[in-house]
>>> print(open('model.txt').read())   # compact mmCIF, C-alpha atoms
# COMPACT_ATOMS: atom_id res chain seq x y z
CA MET H 219 -31.77 -150.95 -28.93
CA GLY H 220 -31.71 -147.36 -27.71
CA GLU H 221 -27.92 -147.47 -27.42
CA GLU H 222 -27.61 -148.88 -30.93
CA LYS H 223 -29.76 -146.07 -32.32
CA ALA H 224 -27.59 -143.51 -30.51
CA GLU H 225 -24.42 -145.13 -31.88
CA ALA H 226 -25.94 -145.19 -35.35
CA GLU H 227 -26.72 -141.47 -35.09
CA LYS H 228 -23.11 -140.78 -34.12
CA GLU H 229 -21.92 -142.75 -37.15
CA LYS H 230 -24.28 -140.72 -39.36
CA VAL H 231 -22.81 -137.46 -38.03
CA LEU H 232 -19.29 -138.71 -38.71
CA GLY H 233 -20.39 -139.81 -42.17
CA ASN H 234 -21.87 -136.39 -42.88
CA GLU H 235 -18.64 -134.69 -41.81
CA ALA H 236 -16.54 -136.98 -44.00
CA TYR H 237 -18.93 -136.37 -46.91
CA LYS H 238 -18.51 -132.61 -46.55
CA ARG H 239 -14.72 -133.08 -46.60
CA ARG H 240 -15.22 -135.21 -49.74
CA GLU H 241 -13.54 -138.13 -47.98
CA PHE H 242 -15.98 -140.55 -49.54
CA ALA H 243 -14.39 -143.86 -48.53
CA GLU H 244 -14.55 -142.83 -44.88
CA ALA H 245 -18.14 -141.59 -45.30
CA LEU H 246 -19.15 -144.97 -46.74
CA GLU H 247 -17.68 -146.77 -43.72
CA HIS H 248 -19.59 -144.62 -41.23
CA TYR H 249 -22.91 -144.87 -43.10
CA GLY H 250 -22.40 -148.62 -43.48
CA ARG H 251 -21.97 -148.99 -39.73
CA ALA H 252 -25.00 -146.80 -39.09
CA ILE H 253 -27.11 -149.01 -41.36
CA GLY H 254 -25.90 -152.13 -39.53
CA LEU H 255 -26.69 -150.63 -36.11
CA ASP H 256 -30.12 -149.26 -37.05
CA PRO H 257 -31.63 -150.78 -40.22
CA ASP H 258 -35.00 -149.14 -39.48
CA THR H 259 -33.66 -145.62 -40.13
CA VAL H 260 -33.55 -145.51 -43.92
CA VAL H 261 -32.04 -142.01 -44.08
CA PHE H 262 -28.66 -143.73 -43.67
CA LEU H 263 -29.23 -145.50 -46.99
CA VAL H 264 -30.27 -142.23 -48.64
CA ASN H 265 -27.15 -140.51 -47.30
CA ARG H 266 -24.92 -143.31 -48.51
CA ALA H 267 -26.55 -142.95 -51.93
CA ALA H 268 -25.37 -139.32 -52.00
CA VAL H 269 -21.80 -140.56 -51.52
CA TYR H 270 -22.13 -143.10 -54.33
CA PHE H 271 -23.55 -140.33 -56.54
CA GLU H 272 -20.51 -138.13 -55.94
CA MET H 273 -18.28 -141.11 -56.70
CA LYS H 274 -20.19 -141.54 -59.99
CA GLU H 275 -21.34 -145.00 -58.90
CA TYR H 276 -24.86 -144.21 -59.99
CA GLN H 277 -26.23 -147.74 -60.00
CA LYS H 278 -25.23 -148.22 -56.35
CA ALA H 279 -26.85 -144.88 -55.49
CA ILE H 280 -30.06 -146.06 -57.15
CA GLU H 281 -29.97 -149.39 -55.32
CA ASP H 282 -29.62 -147.72 -51.91
CA CYS H 283 -32.47 -145.28 -52.59
CA ARG H 284 -34.77 -148.00 -53.90
CA LYS H 285 -34.01 -150.13 -50.87
CA ALA H 286 -34.85 -147.19 -48.59
CA ILE H 287 -38.17 -146.65 -50.35
CA GLU H 288 -39.06 -150.35 -50.33
CA GLU H 289 -38.08 -150.85 -46.70
CA ASN H 290 -40.17 -147.88 -45.64
CA SER H 291 -43.20 -149.15 -47.56
CA GLU H 292 -42.97 -152.87 -46.78
CA ARG H 293 -42.15 -152.48 -43.09
CA SER H 294 -44.36 -149.41 -42.46
CA LEU H 295 -41.46 -147.45 -40.97
CA HIS H 296 -43.28 -144.10 -41.28
CA THR H 297 -40.16 -142.32 -42.48
CA ASP H 298 -40.43 -138.55 -42.95
CA TYR H 299 -41.90 -137.95 -46.41
CA LYS H 300 -39.13 -135.44 -47.17
CA ILE H 301 -36.55 -138.23 -46.87
CA ILE H 302 -38.55 -140.45 -49.23
CA ALA H 303 -38.83 -137.51 -51.63
CA ARG H 304 -35.05 -137.11 -51.42
CA ALA H 305 -34.59 -140.80 -52.24
CA HIS H 306 -36.73 -140.50 -55.38
CA ALA H 307 -34.86 -137.33 -56.37
CA ARG H 308 -31.48 -139.05 -56.02
CA ILE H 309 -32.72 -141.89 -58.19
CA GLY H 310 -33.77 -139.25 -60.73
CA ASN H 311 -30.40 -137.47 -60.61
CA SER H 312 -28.55 -140.76 -61.03
CA LEU H 313 -30.70 -141.83 -63.97
CA LEU H 314 -30.25 -138.40 -65.54
CA LYS H 315 -26.48 -138.88 -65.37
CA MET H 316 -26.98 -142.26 -67.05
CA ASN H 317 -29.05 -140.59 -69.81
CA ASP H 318 -32.16 -142.54 -68.82
CA PHE H 319 -34.44 -139.55 -69.29
CA ASP H 320 -37.75 -141.40 -69.01
CA GLY H 321 -36.67 -143.05 -65.77
CA ALA H 322 -35.37 -139.75 -64.40
CA ILE H 323 -38.63 -137.95 -65.24
CA GLN H 324 -40.63 -140.69 -63.51
CA ALA H 325 -38.42 -140.50 -60.40
CA PHE H 326 -38.61 -136.71 -60.18
CA ASP H 327 -42.39 -136.86 -60.55
CA LYS H 328 -42.58 -139.33 -57.63
CA SER H 329 -40.34 -137.08 -55.56
CA LEU H 330 -42.56 -134.07 -56.16
CA LEU H 331 -45.63 -136.09 -55.20
CA GLU H 332 -44.02 -136.69 -51.81
CA PHE H 333 -42.80 -133.11 -51.32
CA HIS H 334 -42.48 -130.09 -53.59
CA ASP H 335 -38.91 -128.89 -53.88
CA ASP H 336 -37.91 -126.16 -56.36
CA LYS H 337 -34.57 -127.83 -57.07
CA VAL H 338 -36.26 -131.11 -57.94
CA HIS H 339 -38.76 -129.26 -60.14
CA THR H 340 -35.82 -127.64 -61.97
CA SER H 341 -34.20 -131.06 -62.40
CA LEU H 342 -37.47 -132.41 -63.81
CA GLN H 343 -37.57 -129.62 -66.39
CA GLN H 344 -33.93 -130.28 -67.25
CA ALA H 345 -34.65 -133.99 -67.77
CA LYS H 346 -37.58 -133.18 -70.04
CA LYS H 347 -35.47 -130.75 -72.05
CA GLU H 348 -32.58 -133.18 -72.41
CA LYS H 349 -35.05 -135.84 -73.55
CA ARG H 350 -36.50 -133.49 -76.20
CA ASP H 351 -33.02 -132.46 -77.34
CA LYS H 352 -31.97 -136.10 -77.68
CA GLU H 353 -35.09 -136.96 -79.66
CA GLU H 354 -34.55 -133.97 -81.94
CA ARG H 355 -30.92 -134.94 -82.55
CA GLU H 356 -31.91 -138.50 -83.36
CA TYR H 357 -34.62 -137.25 -85.73
CA VAL H 358 -32.19 -135.22 -87.86
CA ASP H 359 -31.84 -136.60 -91.39
CA PRO H 360 -30.90 -133.99 -94.06
CA GLU H 361 -31.89 -136.28 -96.93
CA LYS H 362 -35.38 -136.78 -95.53
CA GLY H 363 -35.46 -133.05 -94.84
CA LYS H 364 -34.84 -132.37 -98.52
CA GLU H 365 -37.62 -134.76 -99.49
CA ALA H 366 -40.04 -133.03 -97.12
CA ARG H 367 -39.10 -129.63 -98.52
CA GLU H 368 -39.75 -130.84 -102.06
CA ARG H 369 -43.16 -132.13 -100.98
CA GLY H 370 -43.81 -128.75 -99.42
CA ASN H 371 -42.85 -127.00 -102.66
CA ASP H 372 -45.33 -129.16 -104.54
CA HIS H 373 -48.12 -128.25 -102.13
CA PHE H 374 -47.15 -124.57 -102.37
CA ARG H 375 -47.24 -124.57 -106.17
CA ASN H 376 -50.75 -126.04 -106.01
CA GLY H 377 -52.01 -123.53 -103.46
CA ARG H 378 -52.18 -126.02 -100.60
CA TYR H 379 -50.51 -123.71 -98.11
CA PRO H 380 -51.41 -125.44 -94.80
CA GLU H 381 -50.07 -128.73 -96.20
CA ALA H 382 -46.96 -126.92 -97.43
CA ILE H 383 -46.38 -125.55 -93.93
CA GLN H 384 -46.63 -129.05 -92.46
CA GLU H 385 -43.99 -130.37 -94.87
CA TYR H 386 -41.68 -127.38 -94.37
CA THR H 387 -41.99 -127.89 -90.60
CA GLU H 388 -41.02 -131.54 -91.09
CA ALA H 389 -38.06 -130.40 -93.22
CA ILE H 390 -36.94 -128.08 -90.41
CA ARG H 391 -37.13 -130.88 -87.87
CA ARG H 392 -35.13 -133.16 -90.16
CA SER H 393 -32.55 -130.51 -91.07
CA PRO H 394 -32.67 -127.66 -88.53
CA LEU H 395 -29.57 -125.91 -89.88
CA ASP H 396 -30.91 -125.64 -93.45
CA PRO H 397 -32.16 -122.06 -94.02
CA ALA H 398 -34.27 -122.95 -97.10
CA PRO H 399 -37.34 -124.49 -95.38
CA TYR H 400 -37.59 -121.50 -93.04
CA SER H 401 -37.71 -119.18 -96.04
CA ASN H 402 -40.20 -121.41 -97.82
CA ARG H 403 -42.43 -121.70 -94.76
CA ALA H 404 -42.35 -117.91 -94.43
CA ALA H 405 -43.75 -117.68 -97.99
CA ALA H 406 -46.56 -120.10 -97.10
CA TYR H 407 -47.38 -118.18 -93.92
CA THR H 408 -47.50 -114.99 -95.97
CA LYS H 409 -50.02 -116.54 -98.36
CA LEU H 410 -52.24 -117.29 -95.36
CA GLY H 411 -51.81 -113.79 -93.91
CA GLU H 412 -49.84 -115.10 -90.93
CA PHE H 413 -47.35 -112.25 -91.15
CA PRO H 414 -45.77 -112.45 -87.65
CA LEU H 415 -45.02 -116.14 -88.15
CA GLY H 416 -43.60 -115.41 -91.59
CA LEU H 417 -41.34 -112.70 -90.18
CA LYS H 418 -40.09 -115.04 -87.47
CA ASP H 419 -39.14 -117.63 -90.10
CA CYS H 420 -37.39 -115.03 -92.26
CA GLU H 421 -35.36 -113.90 -89.26
CA LYS H 422 -34.40 -117.49 -88.40
CA CYS H 423 -33.41 -118.08 -92.02
CA LEU H 424 -31.16 -115.01 -91.99
CA GLU H 425 -29.71 -116.05 -88.65
CA LEU H 426 -28.63 -119.32 -90.29
CA ASP H 427 -27.49 -117.63 -93.50
CA PRO H 428 -27.15 -113.80 -93.47
CA LYS H 429 -26.68 -113.84 -97.27
CA TYR H 430 -29.93 -115.65 -98.09
CA LEU H 431 -31.42 -113.07 -100.48
CA LYS H 432 -34.80 -114.76 -100.84
CA ALA H 433 -35.38 -114.28 -97.11
CA TYR H 434 -34.70 -110.53 -97.44
CA SER H 435 -37.17 -110.39 -100.31
CA ARG H 436 -39.85 -112.26 -98.36
CA LYS H 437 -39.25 -110.27 -95.19
CA GLY H 438 -39.53 -107.02 -97.14
CA ALA H 439 -42.75 -108.22 -98.76
CA ILE H 440 -44.29 -109.02 -95.36
CA HIS H 441 -43.42 -105.56 -94.03
CA PHE H 442 -44.91 -104.09 -97.24
CA PHE H 443 -48.19 -105.97 -96.74
CA MET H 444 -48.29 -104.72 -93.14
CA LYS H 445 -47.63 -101.15 -94.38
CA GLU H 446 -44.44 -101.01 -92.34
CA PHE H 447 -42.66 -99.15 -95.13
CA HIS H 448 -39.96 -97.84 -92.80
CA LYS H 449 -38.96 -101.46 -92.13
CA CYS H 450 -39.16 -102.34 -95.82
CA LEU H 451 -36.50 -99.76 -96.59
CA ASP H 452 -34.15 -101.24 -93.98
CA VAL H 453 -34.65 -104.80 -95.21
CA TYR H 454 -34.07 -104.03 -98.89
CA GLN H 455 -31.01 -101.91 -98.07
CA LYS H 456 -29.54 -104.82 -96.11
CA GLY H 457 -30.28 -107.13 -99.03
CA LEU H 458 -28.45 -104.76 -101.37
CA GLU H 459 -25.43 -104.91 -99.07
CA VAL H 460 -25.34 -108.64 -99.84
CA ASP H 461 -25.90 -108.16 -103.59
CA PRO H 462 -25.91 -104.55 -104.86
CA SER H 463 -27.24 -105.68 -108.24
CA SER H 464 -30.15 -107.79 -106.93
CA ALA H 465 -33.18 -107.07 -109.11
CA GLU H 466 -35.53 -108.25 -106.31
CA MET H 467 -34.02 -105.83 -103.80
CA LEU H 468 -33.96 -102.92 -106.23
CA ASP H 469 -37.53 -103.55 -107.31
CA GLY H 470 -38.67 -103.88 -103.70
CA LEU H 471 -36.97 -100.62 -102.81
CA ARG H 472 -38.57 -98.87 -105.80
CA ARG H 473 -42.07 -100.14 -104.95
CA THR H 474 -41.65 -99.11 -101.31
CA LYS H 475 -40.55 -95.58 -102.17
CA LEU H 476 -43.47 -95.27 -104.57
CA ALA H 477 -45.89 -96.44 -101.86
CA ILE H 478 -44.47 -93.85 -99.45
CA GLN H 479 -44.93 -91.09 -102.07
CA GLU H 480 -48.52 -92.17 -102.69
CA GLN H 481 -49.15 -92.28 -98.96
CA GLN H 482 -47.86 -88.74 -98.54
CA SER H 483 -49.81 -87.32 -101.47
CA SER H 484 -53.10 -88.93 -100.45
CA SER H 485 -55.69 -86.85 -98.62
CA ASN H 486 -56.75 -89.97 -96.71
CA VAL H 487 -54.92 -91.03 -93.57
CA ASP H 488 -54.78 -94.75 -92.84
CA GLU H 489 -55.53 -94.65 -89.12
CA ASN H 490 -54.89 -98.39 -88.70
CA GLN H 491 -51.43 -98.03 -90.23
CA VAL H 492 -50.60 -95.03 -88.04
CA ARG H 493 -51.84 -96.76 -84.89
CA HIS H 494 -49.92 -99.96 -85.75
CA ASN H 495 -46.65 -98.20 -86.53
CA MET H 496 -46.93 -95.93 -83.49
CA SER H 497 -46.63 -99.08 -81.39
CA ASP H 498 -43.24 -99.88 -82.98
CA PRO H 499 -40.53 -99.37 -80.29
CA GLU H 500 -38.22 -97.78 -82.87
CA ILE H 501 -40.85 -95.20 -83.86
CA GLN H 502 -41.67 -94.58 -80.21
CA GLY H 503 -37.99 -94.01 -79.54
CA ILE H 504 -37.73 -91.44 -82.32
CA LEU H 505 -40.88 -89.62 -81.20
CA SER H 506 -39.60 -89.43 -77.62
CA ASP H 507 -36.21 -88.00 -78.69
CA PRO H 508 -36.12 -84.39 -77.37
CA SER H 509 -34.19 -83.16 -80.42
CA ILE H 510 -36.77 -84.68 -82.79
CA ILE H 511 -39.63 -83.22 -80.74
CA GLN H 512 -38.04 -79.77 -81.10
CA ILE H 513 -37.47 -80.16 -84.84
CA LEU H 514 -41.05 -81.32 -85.44
CA LYS H 515 -42.24 -78.24 -83.56
CA GLU H 516 -39.98 -76.01 -85.67
CA LEU H 517 -41.21 -77.62 -88.88
CA GLN H 518 -44.72 -76.58 -87.92
CA GLU H 519 -43.89 -73.07 -86.70
CA ASN H 520 -40.93 -72.15 -88.87
CA PRO H 521 -40.42 -74.56 -91.81
CA GLY H 522 -37.24 -72.77 -92.87
CA ALA H 523 -35.49 -73.32 -89.55
CA GLY H 524 -36.78 -76.87 -89.42
CA MET H 525 -35.42 -77.67 -92.86
CA LYS H 526 -32.03 -76.34 -91.80
CA ALA H 527 -31.97 -78.92 -88.99
CA MET H 528 -32.73 -81.56 -91.60
CA SER H 529 -29.24 -81.04 -93.02
CA ASN H 530 -28.02 -83.27 -90.18
CA PRO H 531 -27.96 -86.81 -91.71
CA THR H 532 -28.93 -88.52 -88.44
CA VAL H 533 -31.87 -86.20 -87.90
CA ALA H 534 -32.93 -86.49 -91.54
CA ALA H 535 -32.88 -90.31 -91.33
CA LYS H 536 -35.14 -90.28 -88.28
CA ILE H 537 -37.58 -87.84 -89.90
CA GLN H 538 -37.66 -89.92 -93.08
CA LYS H 539 -38.41 -93.00 -90.97
CA LEU H 540 -41.41 -91.24 -89.43
CA ILE H 541 -42.61 -90.25 -92.89
CA ALA H 542 -42.19 -93.80 -94.20
CA ALA H 543 -44.11 -95.15 -91.21
CA GLY H 544 -46.98 -92.79 -92.03
CA VAL H 545 -46.92 -91.09 -88.61
CA LEU H 546 -45.57 -87.83 -90.04
CA ARG H 547 -47.08 -86.28 -93.14
CA THR H 548 -45.83 -83.41 -95.23
CA GLU H 549 -48.32 -81.14 -96.94
CA SER H 550 -50.25 -83.14 -99.54
CA SER H 551 -49.95 -82.02 -103.13
>>> encode(input="model.txt", output="structure tokens")
Amino acid sequence: MGEEKAEAEKEKVLGNEAYKRREFAEALEHYGRAIGLDPDTVVFLVNRAAVYFEMKEYQKAIEDCRKAIEENSERSLHTDYKIIARAHARIGNSLLKMNDFDGAIQAFDKSLLEFHDDKVHTSLQQAKKEKRDKEEREYVDPEKGKEARERGNDHFRNGRYPEAIQEYTEAIRRSPLDPAPYSNRAAAYTKLGEFPLGLKDCEKCLELDPKYLKAYSRKGAIHFFMKEFHKCLDVYQKGLEVDPSSAEMLDGLRRTKLAIQEQQSSSNVDENQVRHNMSDPEIQGILSDPSIIQILKELQENPGAGMKAMSNPTVAAKIQKLIAAGVLRTESS
């Protein structure tokens, strides 16, 4: 029996070499002989499964791996747990190729219970993602999405904003490329004061349709409520690029400029607004700009020289942004 095991090991080595050369028919012959010589060493079955996998004969790969696992368990062969883990993983990879996501997930889980391998963990995450993607694709139904959006609109009109959000979310799942439910859900989030979520939906809406004016209007309104007037100006200007005659954009721009004027003329400083806007990366970038630092210093020490620097359109835009954000104040009237 010792000689047969030695011969089987030689056949395995030859099979491995053929596998590396991608000479799969030859590899199968060597592994087959190894299995015949030493049926107690189930790694030969697991190796042959790798060949079948490369040949896209996934069912045969699964059969060899399952046989290896069963033989090890039923005959108490005490095979290295890493080899059993590899067998489960190859079953998982084969099932993944066959789009059997539930089976693949189960196989990868069993493999990781035997031995943790980062590659197998990555494959498990891939299987879970592909399963989710498949379920989402199968769930898509634009007509049902429209019905859900209409139900959401009814809830919204009646002030039932959480229920509206649920229906708009259903509409998004049913019709993920429709920008309307994102815009509508943003309006519902705004009513509940969930401004970051509303902004995220507005941005997704505009990603799907850069000309969706209602999303610009709602995004501008959220920035207004958050006293991010510098961002309001940007949003309404972009909306006007889509439609220069938009009454919503023009009115939003007018209200924002009025709010900035009132902010500047007030003797009270909104510390929460200043603190919030100072955390904005864009504002931080402007305040750390050496040329802006110098101009701000000149405006304090020599207003005339500072105003001359303001003739530069780029500089003036940055200073105006600081004023709109409330972090820079001119003398109050």
>>> residues_around(input="model.txt", residues="stretch 394-406 of chain H", least_positions_apart="6", cutoff="6 Å", atoms="all atoms listed in the file", output="list in words")
Tyr379, Ile383, Tyr386, Gly416, Asp419, Cys420, Cys423, Leu426 and Ala433 of chain H
>>> write_last_selection(input="model.txt", atoms="C-alpha atoms", output="PDB file, in the frame of the given file")
ATOM      1  CA  TYR H 379     -50.510-123.710 -98.110  1.00  0.00           C
ATOM      2  CA  ILE H 383     -46.380-125.550 -93.930  1.00  0.00           C
ATOM      3  CA  TYR H 386     -41.680-127.380 -94.370  1.00  0.00           C
ATOM      4  CA  GLY H 416     -43.600-115.410 -91.590  1.00  0.00           C
ATOM      5  CA  ASP H 419     -39.140-117.630 -90.100  1.00  0.00           C
ATOM      6  CA  CYS H 420     -37.390-115.030 -92.260  1.00  0.00           C
ATOM      7  CA  CYS H 423     -33.410-118.080 -92.020  1.00  0.00           C
ATOM      8  CA  LEU H 426     -28.630-119.320 -90.290  1.00  0.00           C
ATOM      9  CA  ALA H 433     -35.380-114.280 -97.110  1.00  0.00           C
TER      10      ALA H 433
END
>>> residues_near_point(input="model.txt", point="(-37.1, -133.2, -97.9)", cutoff="10 Å", atoms="all atoms listed in the file", output="number ranges by chain")
H: 359-371, 385-386, 388-390, 392-393, 399
>>> atom_distance(input="model.txt", atom1="atom CA of H:Val533", atom2="atom CA of H:Glu519")
17.8 Å
>>> residues_around(input="model.txt", residues="stretch 266-276 of chain H", least_positions_apart="4", cutoff="12 Å", atoms="all atoms listed in the file", output="PDB file with C-alpha atoms, keeping the file's coordinate frame")
ATOM      1  CA  GLU H 229     -21.920-142.750 -37.150  1.00  0.00           C
ATOM      2  CA  LYS H 230     -24.280-140.720 -39.360  1.00  0.00           C
ATOM      3  CA  GLY H 233     -20.390-139.810 -42.170  1.00  0.00           C
ATOM      4  CA  ASN H 234     -21.870-136.390 -42.880  1.00  0.00           C
ATOM      5  CA  GLU H 235     -18.640-134.690 -41.810  1.00  0.00           C
ATOM      6  CA  ALA H 236     -16.540-136.980 -44.000  1.00  0.00           C
ATOM      7  CA  TYR H 237     -18.930-136.370 -46.910  1.00  0.00           C
ATOM      8  CA  LYS H 238     -18.510-132.610 -46.550  1.00  0.00           C
ATOM      9  CA  ARG H 239     -14.720-133.080 -46.600  1.00  0.00           C
ATOM     10  CA  ARG H 240     -15.220-135.210 -49.740  1.00  0.00           C
ATOM     11  CA  GLU H 241     -13.540-138.130 -47.980  1.00  0.00           C
ATOM     12  CA  PHE H 242     -15.980-140.550 -49.540  1.00  0.00           C
ATOM     13  CA  ALA H 243     -14.390-143.860 -48.530  1.00  0.00           C
ATOM     14  CA  GLU H 244     -14.550-142.830 -44.880  1.00  0.00           C
ATOM     15  CA  ALA H 245     -18.140-141.590 -45.300  1.00  0.00           C
ATOM     16  CA  LEU H 246     -19.150-144.970 -46.740  1.00  0.00           C
ATOM     17  CA  GLU H 247     -17.680-146.770 -43.720  1.00  0.00           C
ATOM     18  CA  HIS H 248     -19.590-144.620 -41.230  1.00  0.00           C
ATOM     19  CA  TYR H 249     -22.910-144.870 -43.100  1.00  0.00           C
ATOM     20  CA  GLY H 250     -22.400-148.620 -43.480  1.00  0.00           C
ATOM     21  CA  ARG H 251     -21.970-148.990 -39.730  1.00  0.00           C
ATOM     22  CA  ALA H 252     -25.000-146.800 -39.090  1.00  0.00           C
ATOM     23  CA  ILE H 253     -27.110-149.010 -41.360  1.00  0.00           C
ATOM     24  CA  VAL H 260     -33.550-145.510 -43.920  1.00  0.00           C
ATOM     25  CA  VAL H 261     -32.040-142.010 -44.080  1.00  0.00           C
ATOM     26  CA  PHE H 262     -28.660-143.730 -43.670  1.00  0.00           C
ATOM     27  CA  ILE H 280     -30.060-146.060 -57.150  1.00  0.00           C
ATOM     28  CA  GLU H 281     -29.970-149.390 -55.320  1.00  0.00           C
ATOM     29  CA  ASP H 282     -29.620-147.720 -51.910  1.00  0.00           C
ATOM     30  CA  CYS H 283     -32.470-145.280 -52.590  1.00  0.00           C
ATOM     31  CA  ARG H 284     -34.770-148.000 -53.900  1.00  0.00           C
ATOM     32  CA  LYS H 285     -34.010-150.130 -50.870  1.00  0.00           C
ATOM     33  CA  ALA H 286     -34.850-147.190 -48.590  1.00  0.00           C
ATOM     34  CA  ARG H 304     -35.050-137.110 -51.420  1.00  0.00           C
ATOM     35  CA  ALA H 305     -34.590-140.800 -52.240  1.00  0.00           C
ATOM     36  CA  HIS H 306     -36.730-140.500 -55.380  1.00  0.00           C
ATOM     37  CA  ALA H 307     -34.860-137.330 -56.370  1.00  0.00           C
ATOM     38  CA  ARG H 308     -31.480-139.050 -56.020  1.00  0.00           C
ATOM     39  CA  ILE H 309     -32.720-141.890 -58.190  1.00  0.00           C
ATOM     40  CA  GLY H 310     -33.770-139.250 -60.730  1.00  0.00           C
ATOM     41  CA  ASN H 311     -30.400-137.470 -60.610  1.00  0.00           C
ATOM     42  CA  SER H 312     -28.550-140.760 -61.030  1.00  0.00           C
ATOM     43  CA  LEU H 313     -30.700-141.830 -63.970  1.00  0.00           C
ATOM     44  CA  LEU H 314     -30.250-138.400 -65.540  1.00  0.00           C
ATOM     45  CA  LYS H 315     -26.480-138.880 -65.370  1.00  0.00           C
ATOM     46  CA  MET H 316     -26.980-142.260 -67.050  1.00  0.00           C
ATOM     47  CA  ASN H 317     -29.050-140.590 -69.810  1.00  0.00           C
ATOM     48  CA  ASP H 318     -32.160-142.540 -68.820  1.00  0.00           C
TER      49      ASP H 318
END
>>> residues_near_point(input="model.txt", point="(-35.9, -132.5, -68.9)", cutoff="12 Å", atoms="all atoms listed in the file", output="ChimeraX atom specification")
/H:310-311,313-315,317-327,338-353
>>> residues_around(input="model.txt", residues="H:Asp498", least_positions_apart="5", cutoff="12 Å", atoms="only C-alpha atoms", output="list in words")
Glu446, His448, Lys449, Gln491, Val492, Arg493, Gly503, Ile504, Leu505, Lys539, Leu540, Ala543 and Val545 of chain H
>>> atom_distance(input="model.txt", atom1="atom CA of H:Gly544", atom2="atom CA of H:Met496")
9.1 Å
>>> atom_distance(input="model.txt", atom1="atom CA of H:Ala542", atom2="atom CA of H:Ser509")
19.2 Å
>>> closest_residue(input="model.txt", among="H:Arg391, H:Lys526, H:Arg378, H:Lys337", to="H:Val358", atoms="all atoms listed in the file")
H:Arg391
>>> axis_aligned_box(input="model.txt", around="stretch 294-306 of chain H", padding_each_side="3 Å", output="lines of an AutoDock Vina configuration file")
center_x = -39.5
center_y = -142.4
center_z = -48.2
size_x = 15.8
size_y = 20.0
size_z = 20.4
>>> closest_residue(input="model.txt", among="H:Ala465, H:Lys536, H:Ser485, H:Tyr407", to="H:Gln384", atoms="all atoms listed in the file")
H:Tyr407
>>> residues_around(input="model.txt", residues="H:Met528", least_positions_apart="6", cutoff="10 Å", atoms="only C-alpha atoms", output="mmCIF file with C-alpha atoms, in the frame of the given file")
data_model
loop_
_atom_site.group_PDB
_atom_site.id
_atom_site.type_symbol
_atom_site.label_atom_id
_atom_site.label_comp_id
_atom_site.auth_asym_id
_atom_site.auth_seq_id
_atom_site.Cartn_x
_atom_site.Cartn_y
_atom_site.Cartn_z
ATOM 1 C CA ILE H 513 -37.470 -80.160 -84.840
ATOM 2 C CA LEU H 517 -41.210 -77.620 -88.880
ATOM 3 C CA GLY H 522 -37.240 -72.770 -92.870
ATOM 4 C CA ALA H 534 -32.930 -86.490 -91.540
ATOM 5 C CA ALA H 535 -32.880 -90.310 -91.330
ATOM 6 C CA LYS H 536 -35.140 -90.280 -88.280
ATOM 7 C CA ILE H 537 -37.580 -87.840 -89.900
ATOM 8 C CA GLN H 538 -37.660 -89.920 -93.080
#
>>> residues_around(input="model.txt", residues="H:Asp258", least_positions_apart="2", cutoff="12 Å", atoms="only C-alpha atoms", output="MDAnalysis selection string")
chainID H and resid 219 222:223 226 252:256 260:263 285:297
>>> closest_residue(input="model.txt", among="H:Thr259, H:Ser464, H:Asn265, H:Asn530", to="H:Val231", atoms="all atoms listed in the file")
H:Asn265
>>> decode(input="model.txt", residues="stretch 378-387 of chain H", atoms="N, CA and C atoms", output="JSON list (two decimals), in the first residue's frame")
[["chain", "number", "residue", "atom", "x", "y", "z"],
["H", 378, "ARG", "N", -48.78, 62.97, 5.34],
["H", 378, "ARG", "CA", -48.29, 61.70, 5.89],
["H", 378, "ARG", "C", -46.90, 61.42, 5.29],
["H", 379, "TYR", "N", -45.92, 62.15, 5.77],
["H", 379, "TYR", "CA", -44.61, 62.14, 5.14],
["H", 379, "TYR", "C", -43.84, 60.83, 5.31],
["H", 380, "PRO", "N", -43.87, 60.18, 6.48],
["H", 380, "PRO", "CA", -43.19, 58.88, 6.58],
["H", 380, "PRO", "C", -43.77, 57.85, 5.61],
["H", 381, "GLU", "N", -45.11, 57.85, 5.49],
["H", 381, "GLU", "CA", -45.76, 56.92, 4.55],
["H", 381, "GLU", "C", -45.40, 57.27, 3.11],
["H", 382, "ALA", "N", -45.30, 58.57, 2.83],
["H", 382, "ALA", "CA", -44.91, 59.00, 1.49],
["H", 382, "ALA", "C", -43.51, 58.50, 1.16],
["H", 383, "ILE", "N", -42.61, 58.59, 2.13],
["H", 383, "ILE", "CA", -41.23, 58.13, 1.92],
["H", 383, "ILE", "C", -41.21, 56.64, 1.62],
["H", 384, "GLN", "N", -42.02, 55.87, 2.33],
["H", 384, "GLN", "CA", -42.08, 54.42, 2.07],
["H", 384, "GLN", "C", -42.49, 54.13, 0.64],
["H", 385, "GLU", "N", -43.52, 54.85, 0.17],
["H", 385, "GLU", "CA", -44.01, 54.61, -1.20],
["H", 385, "GLU", "C", -43.01, 55.09, -2.25],
["H", 386, "TYR", "N", -42.36, 56.23, -1.99],
["H", 386, "TYR", "CA", -41.35, 56.71, -2.94],
["H", 386, "TYR", "C", -40.17, 55.76, -2.99],
["H", 387, "THR", "N", -39.83, 55.16, -1.85],
["H", 387, "THR", "CA", -38.74, 54.18, -1.82],
["H", 387, "THR", "C", -39.13, 52.94, -2.64]]
